[in-house]
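First comes the structure, then the notes that go with it.
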Amino acid sequence: MSKWTGKVGFAVNGEVEPGLWVDEVVEKVYKGELLSDRWRRQNSIGVNDNINLSNSISIIANPYAFEHCSSIAYVEIKGEKWKVTDIDASTPPRLILTVGGVYNGEQA
């Protein structure tokens with residue numbers, strides 16, 4: 001296991017004006033451990049294959065992370081943002097985040 005420090009992006013839904021709800025992305029810095037470091041190529045219809053990570057990161061979560069764990073959208077690993085596909089909250093004070101493909105959504 002290697003140490004990890006990076007940004008976690010939360011897509012928090014908020015009402016901008018009456019009847020208009022928009023996801024606002026908030027980034028927070030967390031520390032933890034990189035539990036597994038795996039990647040794989042996924043065949044696609046396009047010219048290039050897609051690269052997906054199968055990494056698991058155990059972060060030391062604060063109350064904000066536990067309250068908004070369902071809003072976690074991405075994790076930054078080695079300068080790239082990756083989609084969070086699975087969250088395990090069974091071992092407080094840690095959250096174990098599993099990441100998949102590249103994150104292409106809204107960013108902070």
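Residue numbering restarts at 1 for every chain of the structure tokens, chains are lettered A, B, ... in their displayed order, and ligands are numbered from 1 as they appear.
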(Q) Write out as an NGL selection string the set of residues from chain A that DSSP, computed on the backbone, places in alpha helix (DSSP H). (A) :A and (63-67)
Selected residues written out, N, CA and C atoms, as a short mmCIF file (atom, residue, chain, number, x, y, z; two decimals), in the first residue's frame:
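Output below, filename out-v9.cif:
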```cif
data_model
loop_
_atom_site.label_atom_id
_atom_site.label_comp_id
_atom_site.auth_asym_id
_atom_site.auth_seq_id
_atom_site.Cartn_x
_atom_site.Cartn_y
_atom_site.Cartn_z
N PRO A 63 -16.47 14.48 8.61
CA PRO A 63 -17.93 14.45 8.59
C PRO A 63 -18.54 14.89 7.25
N TYR A 64 -17.90 15.83 6.55
CA TYR A 64 -18.42 16.26 5.25
C TYR A 64 -18.43 15.09 4.26
N ALA A 65 -17.38 14.30 4.23
CA ALA A 65 -17.29 13.18 3.31
C ALA A 65 -18.35 12.13 3.63
N PHE A 66 -18.59 11.85 4.91
CA PHE A 66 -19.61 10.87 5.26
C PHE A 66 -21.01 11.39 4.93
N GLU A 67 -21.24 12.67 5.14
CA GLU A 67 -22.56 13.26 4.87
C GLU A 67 -22.85 13.30 3.37
#
```
Q: Determine, counting only C-alpha atoms, which protein, DNA and RNA residues have an atom within 10 Å of an atom of range 8-17 of chain A; residues of the same chain fewer than 6 positions away are not included. Present the result as a list in words.
A: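 These residues fall inside the cut-off: Asp23, Glu24, Val25, Val26, Glu27, Lys28, Val29, Tyr30, Lys31, Ile59, Ala65, His68, Cys69, Ser70, Ser71, Ile72, Ala73, Tyr74, Val75, Glu76, Ile77, Lys81, Trp82, Lys83, Val84, Gly105, Glu106, Gln107 and Ala108 of chain A.
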Distance query Thr98 in chain A at most 6 Å, only C-alpha atoms, self and fewer than 2 positions along chain excluded, as an mmCIF file with C-alpha atoms, in the first residue's frame:
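And here's around_4.cif as it stands now:
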```cif
data_model
loop_
_atom_site.group_PDB
_atom_site.id
_atom_site.type_symbol
_atom_site.label_atom_id
_atom_site.label_comp_id
_atom_site.auth_asym_id
_atom_site.auth_seq_id
_atom_site.Cartn_x
_atom_site.Cartn_y
_atom_site.Cartn_z
ATOM 1 C CA ASN A 55 -7.903 1.153 -8.139
ATOM 2 C CA SER A 56 -9.144 1.226 -4.577
ATOM 3 C CA VAL A 84 -15.792 6.763 -8.567
ATOM 4 C CA THR A 85 -17.793 3.602 -9.239
ATOM 5 C CA ASP A 86 -18.131 2.135 -5.742
#
```
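For the pair CA of Trp21 in chain A and CA of Tyr103 in chain A, the separation is 21.4 Å.
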Q. Skipping near chain neighbours, those fewer than 6 positions away, what residues fall within 10 Å of Leu35 in chain A using only C-alpha atoms, listed as a VMD selection string?
A. chain A and resid 1 to 4 55 to 58 96 to 98
Take the residues from that selection and put them in a file with C-alpha atoms, as a tab-separated table (two decimals), in the first residue's frame.
```
chain	number	residue	atom	x	y	z
A	1	MET	CA	0.00	0.00	0.00
A	2	SER	CA	1.29	3.41	-0.90
A	3	LYS	CA	0.33	6.75	0.58
A	4	TRP	CA	-2.00	8.98	-1.44
A	55	ASN	CA	-7.90	1.15	-8.14
A	56	SER	CA	-9.14	1.23	-4.58
A	57	ILE	CA	-8.31	4.19	-2.36
A	58	SER	CA	-8.92	4.26	1.37
A	96	ILE	CA	-12.92	2.98	0.43
A	97	LEU	CA	-13.40	4.39	-3.07
A	98	THR	CA	-13.13	2.22	-6.18
```
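Here the question is which of A:Leu95, A:Ala89, A:Leu34, A:Val102 gets nearest to Ile60 in chain A using only C-alpha atoms, and that residue is A:Leu95.
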